[in-house]
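Just below is one structure, and these are the notes that go with it.
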There are 6 protein chains.
Amino acid sequence: MATKPRKIMFMNPLASSSGVDAIFADMARQHKLPGTEVHITSMPADVGGFSHIEFRSYEAMVTRGIIRGVRAAAREGFDALAIGCFYDTALHDAREVSGQMIITAPCVASCEIAASLSNRFGIIVGRRKWVNQMHGTVREHGHEHRLSGFYHVELGVDDFQKDHAETGRRLIAAGRKAVEEDYAEAIILGCTMEVGFYREVEEALGVPVIDPSIAALKRAEYAAVLKQQSGWIPSRKWSSEAPSEAEMARFGGFDDGEAFGNRIVVEA
Amino acid sequence: MATKPRKIMFMNPLASSSGVDAIFADMARQHKLPGTEVHITSMPADVGGFSHIEFRSYEAMVTRGIIRGVRAAAREGFDALAIGCFYDTALHDAREVSGQMIITAPCVASCEIAASLSNRFGIIVGRRKWVNQMHGTVREHGHEHRLSGFYHVELGVDDFQKDHAETGRRLIAAGRKAVEEDYAEAIILGCTMEVGFYREVEEALGVPVIDPSIAALKRAEYAAVLKQQSGWIPSRKWSSEAPSEAEMARFGGFDDGEAFGNRIVVEA
Amino acid sequence: MATKPRKIMFMNPLASSSGVDAIFADMARQHKLPGTEVHITSMPADVGGFSHIEFRSYEAMVTRGIIRGVRAAAREGFDALAIGCFYDTALHDAREVSGQMIITAPCVASCEIAASLSNRFGIIVGRRKWVNQMHGTVREHGHEHRLSGFYHVELGVDDFQKDHAETGRRLIAAGRKAVEEDYAEAIILGCTMEVGFYREVEEALGVPVIDPSIAALKRAEYAAVLKQQSGWIPSRKWSSEAPSEAEMARFGGFDDGEAFGNRIVVEA
Amino acid sequence: MATKPRKIMFMNPLASSSGVDAIFADMARQHKLPGTEVHITSMPADVGGFSHIEFRSYEAMVTRGIIRGVRAAAREGFDALAIGCFYDTALHDAREVSGQMIITAPCVASCEIAASLSNRFGIIVGRRKWVNQMHGTVREHGHEHRLSGFYHVELGVDDFQKDHAETGRRLIAAGRKAVEEDYAEAIILGCTMEVGFYREVEEALGVPVIDPSIAALKRAEYAAVLKQQSGWIPSRKWSSEAPSEAEMARFGGFDDGEAFGNRIVVEA
Amino acid sequence: MATKPRKIMFMNPLASSSGVDAIFADMARQHKLPGTEVHITSMPADVGGFSHIEFRSYEAMVTRGIIRGVRAAAREGFDALAIGCFYDTALHDAREVSGQMIITAPCVASCEIAASLSNRFGIIVGRRKWVNQMHGTVREHGHEHRLSGFYHVELGVDDFQKDHAETGRRLIAAGRKAVEEDYAEAIILGCTMEVGFYREVEEALGVPVIDPSIAALKRAEYAAVLKQQSGWIPSRKWSSEAPSEAEMARFGGFDDGEAFGNRIVVEA
Amino acid sequence: MATKPRKIMFMNPLASSSGVDAIFADMARQHKLPGTEVHITSMPADVGGFSHIEFRSYEAMVTRGIIRGVRAAAREGFDALAIGCFYDTALHDAREVSGQMIITAPCVASCEIAASLSNRFGIIVGRRKWVNQMHGTVREHGHEHRLSGFYHVELGVDDFQKDHAETGRRLIAAGRKAVEEDYAEAIILGCTMEVGFYREVEEALGVPVIDPSIAALKRAEYAAVLKQQSGWIPSRKWSSEAPSEAEMARFGGFDDGEAFGNRIVVEA
């Protein structure tokens, strides 16, 4: 069996100043397997001071940082990387330049788990603003026929961790609506910043509640295990082709500046 | 972290006389994580002497055995169970009576992996007979838009392991057609009895080739890990509701006779 | 024109002890054409004492009985056979071994009729539990875009015939919701045990109300007429291929014991 | 049981001068049930001299005639009416003014039969010109996922009955392509003027071959039987609402001139 | 740049007696570009006295008039033609015989605009009767995934212009429901006779409100501009093939009588 | 009528060093309406030296530049803006921050035109690499059911304008395959750098051939006309909500440096 530790990166596409990396590091510590080393990273300063990317235009500003970070992680020999935003921001873009590293993200990882535990699930988001894009993402991932709906709680990304009691109440109320009125059989928390609430909501509702940060981390770890044992790495054929290093060097920007604004290492 | 070993069952829905359990046990030994105990089981004699279930009517004969086996495994405290047929035979039926045990199967497990490594994949099956049903299964799982097609090699389930060189040649030829003519970026071997060929086909084609037995085993193990760490177990709400023990006892047949015809234990 | 009577079987996939066969026989007597001989059958004792198969796992226990019954009916020279459960249990499995006999079932038969009389219809089921599976069946049959929704009345299969007045009230209330709130133009009663209510509901709602048992019986008779006149019998090509008799004999179980637990013959 | 004869109209939307009504009358004589009276009709002279309606713009010219004919048939007390063109021309328009008469048409009737006998079928058309519209019709009817494809034989509607040997050869060649290359398990002849060939093609190919004229006639008869026995008539709710007689009289044209240009009565 | 004026026809498929052509002419005057000549036409007397075509059967009566009018307009050298009904009545039929003239219609034109301004829109119709057909049209045009729903205001086509204050109130109430309850981001007025209300509704709701008559007119003008500058005219290949003049002459009716019942010319 | 000139920007998301802006300026000069002022712009140096963005990861690097450019254009009072890449790069992101300016792009603009001129079209791309992403875009735009397929000519973006004769030959050969083998009725050139070839390909094939650069420019102009005349500007409700200026200022990067690397003004 594998003896080399698996290396996983959980890359928060927000500014390091957002101060949430420690929360993700705690989560990683509690949920990783022995033999898995996890690095929690966030964006460097020149990518901007984003404490959230609720807007598509915000995502468009940080995708550059994601590409740079993914390339850096691949060079460092990471086995898998999770992009820490439920929009699955730049997932397909990142896959192109990930080399032998597998890329995953919270939405796809959560849907896979929810689909294995139930036939129908609801997704609790912060604001209605997010729904159109996430609906498209869920459709693209192939889970639209399992959706009971999206449920918003009138909280922005930055609000979830402000008043835990209030956030918990709202998540439970939204989840109850999903389960009782729309016949959801499981719930996905549709924002990585809803981290820390799944057990409480689960207990209140009596159905599985998936935390997307855990899902993304564990899906990355699962991919790393598969890579170690079966050698399954990303295809580089047809649409999965990677650009050449020479051309990237010529066009520029792929390796400028710091790749990460912050890094917390959780040992194997 | 968890100290109790994870218990996984890989349940071959064929007669133990098929003699393939040892192949699966070898596969499990090579691919399981430390701390995972795997039991390879097959159907008891009274379920019939099926060496393959290529026909829907054959599946209809063994689903009873699958239900009985799943109930037995749940009672024994298994964390997750993989049904060892690429039709994902009785997957949803089994989930209903699995208690706190998660059920998975080769087709869904393979599609999830292939979708994480490529944007488009082909599935190599034994006979054209299988395609209609499997296409429906892939559609139900949500991966139809990623399919380049199905490719048959004119071999029955019982033939794959007869002449390894010939089987290898055919799988590679079919895979080449998928990749070169239909632009597949990854390949799924669409039968658990294609076990043992993925590395050879991968090397020949230069794209990821997913072995469905490994995929099912590892997806079960992944589910067990998630259960241990996050407590995620099957929903029992709405369509996921389980029948009552009292009614099952009254209707009968759920616990008659031996649950398994064979069992190989791979220690944690 | 045909002089030989058409032979139709209405096969109730429940235990004969369920005592409902007489209700179906009455229905057949009132609705069959002259020249049609109908046999109402139910499952033999060794298939279990199922008075309903509301659960997928219950279906998985009786599919074996359906296969055996279908084979027996084909050998007896039946022209067509209707499986008497709105899940259309084992429809595709049964078709594989039906020889020259056409197989139909209540859901597909009802949807065809409702689609010929309206552009949009609702389906009244007993319990919400059933909806996910039936939705999938309706989708597979190709009628999803005509669905106004499913409406449950909080009655199990065994309850429909207990208190006729109450059942009637609930079916009418559910149908009214479908028509008035969701703009259904016709109603399908989504359980064969809702037999005997369609005229009353129709009168109350003023839209067509399809009884699935009648629909299944008549669709089978229609198939038998087409077979007699045009020779249209099931394809045996590609996915419709049947297993060989020799292999079925070798694997066993296909012809064990009694094929039917009960049989009521309604003469031509 | 019903003693009144069922009255069915097979309405050819072409000019009576097309001279094909006798062919349909023969077909009806050979395929109707005892107790079914069939009238074969065609369009009156003022609707135009159409010997075919291969073009959408031709259909647009005759829909007026279809509406007038349907209204006349409903007034005469017909139980069901089949529109004799595989485009299912004006099917939904006609349903609106059919009163208690059920309307059907060849494409929908053929697809229902083919879907009951196989999992996948091909449609043989005269010219590629027709495919786009028919594909849309098949999709609307809900059978797109069963289509292996459309196959054209470079014959116009007016050509099918000119040289029977040549037509037969082309239909068989096209059918063979569908079955052998695209894995069709059944064939639908996609033009009512392909009448008279299905047995020959069936024998050559060894799969069910559906004649759409027979299918339409028999589907109408089946609807009439259901109407007689269960009282199932068209919904008039929501989108199925009929216009008022007063308004139709005011707008004019609904009852002008002769309703039919020809009528052959096949006694019950 | 082009110096020849672009010629656009806005063809109202109703009787000229409906008296609404002047409203459309005013609309055209206010919205056309310099260099665009617009003719507002309506149906000649022999097509019937239709003041609305809310029913499919009404459409079936006037399609003949649309075909005749389209042919006449093409002969007169019009560059583009808009069919003035939100059902997009006979759009595909008309395209077949339009020669080098491009045909458009209100529903497709409105959906294109709404999709460019928002991600999700609702359609306000007069009566629920219309919804099923319009839903099918929107689906065929490819915009179903953007629909928040249809909203009916219990007004017939003939009622919209009767009491402006009341119509305005109802449109606003329906639009509010779409926006506030179903999260529509834009509104389409789903009837050309809702002309004249879009600014008032837009002001009340604060989201874009598309007038379908303007949309159709402008889409036709846009097509005419593209034709002038890039030479883009309708395909005549495969399903877009036109019938031959000789055959149309032989079948008859394509050029009988007056093509238009009314014509208002808005100079370039 | 409007007297103020309409202001349109055609924003090339590549580096100005790509030197193709003059080609687009010529195209604009030949195709714009009188009264339309067009600015051709490209990316500033700090966005990188991209001469093409064939890779998703390249797009991810330039989306920042698109957002900045769109904001600058909105501030300058442009009425509409076309993003000059057939991937429709960052279309939805850009719409969010476009204020009262409408955003369009080549793929959606071309599909709308092709759908108005034919029922089925093929798209000619440079390399197979592009197909997966473009297929998704076409699906999202709602035109998937009209696609005959994608056809690649083994040329990169940078190659199209190198050897005109060779490029023309390849485009014609690919278009012929689409039309003759897959029954396309129109062709879309699937790269803005295929500019300058549409007339030649059209002449060779006899079906409409859409140039995506012209389509995007004209669609933007059409949107500007609609804005001027009917006041139709982007929705800012729900998913179309824009971020606040204050937050953008706080996060930073939205207005850094030059917005454009190059600008050619084509006077009204």
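Labeling convention for the structure tokens: chains A, B, ... as they appear, residues from 1 per chain, ligands from 1 in order of appearance.
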
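Residues of segment 94-127 of chain B assigned to alpha helix (DSSP H) by DSSP on this structure's backbone: Ala94, Arg95, Glu96, Pro106, Cys107, Val108, Ala109, Ser110, Cys111, Glu112, Ile113, Ala114, Ala115, Ser116 and Leu117 of chain B.
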
At a cut-off of 10 Å, which residues of chain B touch chain F? Count only C-alpha atoms and give the answer as a PyMOL selection string. chain B and resi 119-120+145-146+183

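Considering the residues D:Thr137, D:Val207, D:Val225, D:Arg263 and counting only C-alpha atoms, Lys32 of chain C has its shortest atom-to-atom contact with D:Val225.
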
Just checking: using only C-alpha atoms, which residue out of C:Arg71, C:Arg219, C:Arg64, C:Arg29 ends up closest to Cys107 of chain C? C:Arg219

Write out as a PyMOL selection string the residues lying within 9 Å of segment 11-27 of chain F, counting only C-alpha atoms and excluding same-chain residues fewer than 5 positions away. chain F and resi 32+38-45+47-53+59+62-63+65-66+69-70+81-85+89+158+193+195-196+213-214+260-266

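Distances from C:Ser230, C:Ser239, C:Thr36, C:Ser110 to Thr192 of chain C were compared using only C-alpha atoms, and the smallest one belongs to C:Ser110.
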
Determine which residues of segment 143-234 of chain C receive a DSSP assignment of strand (DSSP E), computed from the backbone, and state them as a ChimeraX atom specification. /C:147-152,186-189,209-210

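Atom CA of Glu258 of chain D to atom CA of Ala220 of chain D spans 23.4 Å [interatomic distance, one decimal].
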
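Our summary of the geometry notes that atom CA of Arg199 of chain C is positioned 9.7 Å from atom CA of Trp232 of chain D.
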
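Going from atom CA of Glu54 of chain D to atom CA of Trp130 of chain D covers 6.8 Å.
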
Do a neighbour search on Ser244 of chain E at 12 Å with only C-alpha atoms, toss out local chain neighbours closer than 2 positions, and write the hits as a ChimeraX atom specification. /D:54-55,57-58 /E:96-97,99,236,241-242,246-251,254

Residues within 10 Å of Glu154 of chain D, please, as a list in words. Count only C-alpha atoms; anything in the same chain fewer than 5 positions from it doesn't count. Val125, Gly126, Arg127, Arg128, Lys129, Asp159, Phe160, Thr167 and Arg170 of chain D

Could you take the residues named above and write them with all heavy atoms, as a short mmCIF file (atom, residue, chain, number, x, y, z; two decimals), in the first residue's frame?
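Final output, result_5.cif:
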data_model
loop_
_atom_site.label_atom_id
_atom_site.label_comp_id
_atom_site.auth_asym_id
_atom_site.auth_seq_id
_atom_site.Cartn_x
_atom_site.Cartn_y
_atom_site.Cartn_z
N VAL D 125 -38.42 7.34 -44.33
CA VAL D 125 -39.19 8.39 -44.97
C VAL D 125 -38.87 8.42 -46.47
O VAL D 125 -37.94 7.74 -46.93
CB VAL D 125 -38.88 9.77 -44.35
CG1 VAL D 125 -39.27 9.79 -42.88
CG2 VAL D 125 -37.40 10.13 -44.51
N GLY D 126 -39.64 9.22 -47.19
CA GLY D 126 -39.41 9.30 -48.62
C GLY D 126 -38.21 10.18 -48.94
O GLY D 126 -37.25 9.75 -49.59
N ARG D 127 -38.25 11.40 -48.43
CA ARG D 127 -37.19 12.35 -48.77
C ARG D 127 -36.65 13.02 -47.51
O ARG D 127 -37.37 13.22 -46.54
CB ARG D 127 -37.73 13.40 -49.74
CG ARG D 127 -38.24 12.76 -51.06
CD ARG D 127 -38.88 13.77 -51.99
NE ARG D 127 -37.94 14.86 -52.25
CZ ARG D 127 -38.20 16.15 -52.02
NH1 ARG D 127 -39.39 16.52 -51.54
NH2 ARG D 127 -37.30 17.06 -52.27
N ARG D 128 -35.38 13.36 -47.56
CA ARG D 128 -34.73 14.02 -46.42
C ARG D 128 -35.49 15.28 -46.01
O ARG D 128 -35.51 15.65 -44.84
CB ARG D 128 -33.29 14.36 -46.80
CG ARG D 128 -32.49 15.08 -45.72
CD ARG D 128 -32.18 14.22 -44.50
NE ARG D 128 -31.94 15.06 -43.33
CZ ARG D 128 -31.55 14.61 -42.15
NH1 ARG D 128 -31.39 13.33 -41.95
NH2 ARG D 128 -31.38 15.43 -41.14
N LYS D 129 -36.08 15.94 -46.95
CA LYS D 129 -36.92 17.11 -46.70
C LYS D 129 -37.83 16.96 -45.49
O LYS D 129 -38.05 17.89 -44.72
CB LYS D 129 -37.77 17.39 -47.95
CG LYS D 129 -39.02 18.26 -47.78
CD LYS D 129 -38.67 19.71 -47.52
CE LYS D 129 -39.88 20.52 -47.11
NZ LYS D 129 -39.55 21.84 -46.59
N ASP D 159 -44.54 8.66 -55.39
CA ASP D 159 -43.74 7.63 -56.06
C ASP D 159 -43.88 6.24 -55.44
O ASP D 159 -43.58 5.25 -56.10
CB ASP D 159 -42.25 8.03 -56.00
CG ASP D 159 -41.99 9.38 -56.63
OD1 ASP D 159 -42.68 9.74 -57.61
OD2 ASP D 159 -41.10 10.10 -56.14
N PHE D 160 -44.29 6.19 -54.18
CA PHE D 160 -44.22 4.91 -53.47
C PHE D 160 -44.98 3.78 -54.16
O PHE D 160 -44.57 2.64 -54.14
CB PHE D 160 -44.75 5.06 -52.03
CG PHE D 160 -43.77 5.70 -51.10
CD1 PHE D 160 -44.02 6.94 -50.53
CD2 PHE D 160 -42.58 5.06 -50.77
CE1 PHE D 160 -43.11 7.53 -49.67
CE2 PHE D 160 -41.67 5.65 -49.90
CZ PHE D 160 -41.93 6.88 -49.35
N THR D 167 -39.79 0.15 -54.91
CA THR D 167 -40.09 0.70 -53.58
C THR D 167 -39.71 -0.32 -52.50
O THR D 167 -39.08 0.02 -51.50
CB THR D 167 -41.57 1.07 -53.47
OG1 THR D 167 -41.86 2.07 -54.45
CG2 THR D 167 -41.91 1.59 -52.10
N ARG D 170 -35.98 -0.49 -51.97
CA ARG D 170 -35.43 0.67 -51.26
C ARG D 170 -35.80 0.67 -49.78
O ARG D 170 -34.99 1.01 -48.92
CB ARG D 170 -35.92 1.97 -51.90
CG ARG D 170 -35.36 2.17 -53.31
CD ARG D 170 -35.57 3.59 -53.77
NE ARG D 170 -35.21 3.73 -55.17
CZ ARG D 170 -35.18 4.89 -55.82
NH1 ARG D 170 -35.50 6.02 -55.18
NH2 ARG D 170 -34.85 4.96 -57.09
#

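Proximity to Glu37 of chain A at 12 Å, evaluated using only C-alpha atoms and with sequence-adjacent residues fewer than 6 positions away removed, yields Lys4, Pro5, Arg6, Lys7, Ile8, Met9, Phe10, Ala25, Ala28, Arg29, His31, Gly77, Phe78, Asp79, Ala80, Leu81, Leu217, Ala220, Glu221, Ala224, Ile264, Val265, Val266, Glu267 and Ala268 of chain A.
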
If you count only C-alpha atoms, which residues fall within 8 Å of Ala186 of chain E, apart from same-chain ones fewer than 5 positions away, as a PyMOL selection string? (chain E and resi 114+117-118+120-122+179+207-210) or (chain F and resi 235)
